[in-house]
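Have a look at the structure below before the remarks.
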Amino acid sequence: MDNLRKFVDQQLPRIQRYRDYRDMFEKQKDIDAVIVATPDHMHAVIASNAMDVGKHVYVQKPLCWSVHEARHLARKAKEKKVFAQM
């Protein structure tokens, strides 16, 4: 419990926060992978943008809303040589 309190008091205030994922992708060059756990209608959009900037992606289900989006993400992952998983 002391470790948790220490983390909350000392580390959380220093963590960078963003309101827009595009700003995060632009500014945070030290990120290797992204977990997409947003409202369902944004999963494919954010995953595609993350792959565009070379990030590996783990997407909460549903991965996307249509077969077209699923095929787009599969092609994008292969093209950008990143891993994508649902």
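Ligands are numbered from 1 in the order shown, chains are lettered A, B, ... in the order of the structure tokens, and residues start at 1 in each chain.
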* To do: Write out as a ChimeraX atom specification all residues of chain A that backbone DSSP assigns to helix (DSSP H, G or I).
  => /A:2-14,21-27,40-52,67-80
* List every residue of chain A that DSSP, applied to the backbone of this structure, places in strand (DSSP E or B), and write the result as number ranges by chain. => A: 33-36, 56-59, 84-85
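Of the residues listed (A:Lys55, A:Lys61, A:Arg71, A:Lys78), A:Lys61 shows the shortest atom-to-atom separation from A:Pro39; distances use only C-alpha atoms.
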* Skipping near chain neighbours, those fewer than 6 positions away, what residues fall within 12 Å of A:Ser66 using only C-alpha atoms, listed as a ChimeraX atom specification? -> /A:40-41,43-44,72-73
Please produce a file of those selected residues containing all heavy atoms, as an mmCIF file, in the first residue's frame.
data_model
loop_
_atom_site.group_PDB
_atom_site.id
_atom_site.type_symbol
_atom_site.label_atom_id
_atom_site.label_comp_id
_atom_site.auth_asym_id
_atom_site.auth_seq_id
_atom_site.Cartn_x
_atom_site.Cartn_y
_atom_site.Cartn_z
ATOM 1 N N ASP A 40 -15.795 2.491 -29.448
ATOM 2 C CA ASP A 40 -15.642 1.565 -30.569
ATOM 3 C C ASP A 40 -15.484 2.239 -31.928
ATOM 4 O O ASP A 40 -14.718 1.770 -32.770
ATOM 5 C CB ASP A 40 -16.841 0.615 -30.639
ATOM 6 C CG ASP A 40 -16.965 -0.272 -29.429
ATOM 7 O OD1 ASP A 40 -16.008 -0.302 -28.625
ATOM 8 O OD2 ASP A 40 -18.009 -0.936 -29.286
ATOM 9 N N HIS A 41 -16.192 3.320 -32.172
ATOM 10 C CA HIS A 41 -16.153 3.935 -33.498
ATOM 11 C C HIS A 41 -14.800 4.573 -33.824
ATOM 12 O O HIS A 41 -14.541 4.907 -34.970
ATOM 13 C CB HIS A 41 -17.275 4.977 -33.639
ATOM 14 C CG HIS A 41 -17.116 6.175 -32.761
ATOM 15 N ND1 HIS A 41 -17.447 6.140 -31.410
ATOM 16 C CD2 HIS A 41 -16.663 7.416 -33.019
ATOM 17 C CE1 HIS A 41 -17.193 7.327 -30.888
ATOM 18 N NE2 HIS A 41 -16.728 8.121 -31.836
ATOM 19 N N HIS A 43 -11.739 3.024 -32.916
ATOM 20 C CA HIS A 43 -10.683 2.009 -32.883
ATOM 21 C C HIS A 43 -9.865 1.968 -34.165
ATOM 22 O O HIS A 43 -8.635 2.045 -34.131
ATOM 23 C CB HIS A 43 -11.274 0.619 -32.612
ATOM 24 C CG HIS A 43 -11.670 0.428 -31.188
ATOM 25 N ND1 HIS A 43 -12.147 -0.777 -30.720
ATOM 26 C CD2 HIS A 43 -11.685 1.256 -30.126
ATOM 27 C CE1 HIS A 43 -12.421 -0.679 -29.430
ATOM 28 N NE2 HIS A 43 -12.156 0.565 -29.056
ATOM 29 N N ALA A 44 -10.522 1.818 -35.310
ATOM 30 C CA ALA A 44 -9.799 1.665 -36.578
ATOM 31 C C ALA A 44 -9.051 2.939 -36.943
ATOM 32 O O ALA A 44 -7.922 2.876 -37.437
ATOM 33 C CB ALA A 44 -10.766 1.271 -37.691
ATOM 34 N N HIS A 72 -8.182 -2.966 -44.307
ATOM 35 C CA HIS A 72 -7.308 -1.779 -44.325
ATOM 36 C C HIS A 72 -6.232 -1.884 -43.245
ATOM 37 O O HIS A 72 -5.057 -1.646 -43.507
ATOM 38 C CB HIS A 72 -8.141 -0.515 -44.132
ATOM 39 C CG HIS A 72 -7.324 0.696 -43.839
ATOM 40 N ND1 HIS A 72 -6.623 1.385 -44.817
ATOM 41 C CD2 HIS A 72 -7.049 1.335 -42.671
ATOM 42 C CE1 HIS A 72 -5.971 2.386 -44.264
ATOM 43 N NE2 HIS A 72 -6.218 2.381 -42.961
ATOM 44 N N LEU A 73 -6.641 -2.247 -42.016
ATOM 45 C CA LEU A 73 -5.682 -2.354 -40.912
ATOM 46 C C LEU A 73 -4.674 -3.477 -41.159
ATOM 47 O O LEU A 73 -3.490 -3.321 -40.846
ATOM 48 C CB LEU A 73 -6.408 -2.555 -39.585
ATOM 49 C CG LEU A 73 -7.219 -1.356 -39.104
ATOM 50 C CD1 LEU A 73 -7.955 -1.704 -37.822
ATOM 51 C CD2 LEU A 73 -6.353 -0.128 -38.908
#
* Asked: Near stretch 49-53 of chain A, within 7 Å and counting only C-alpha atoms, which residues show up once chain neighbours fewer than 6 positions away are dropped, as a ChimeraX atom specification?
  -> /A:76-77,80,82
Using C-alpha atoms, can you export the residues from the last selection as a PDB file, in the first residue's frame?
ATOM      1  CA  LYS A  76      -1.415  -1.120 -43.141  1.00  0.00           C
ATOM      2  CA  ALA A  77       0.301  -3.351 -40.550  1.00  0.00           C
ATOM      3  CA  LYS A  80       4.417  -0.397 -42.157  1.00  0.00           C
ATOM      4  CA  VAL A  82       4.343  -3.266 -37.339  1.00  0.00           C
TER       5      VAL A  82
END
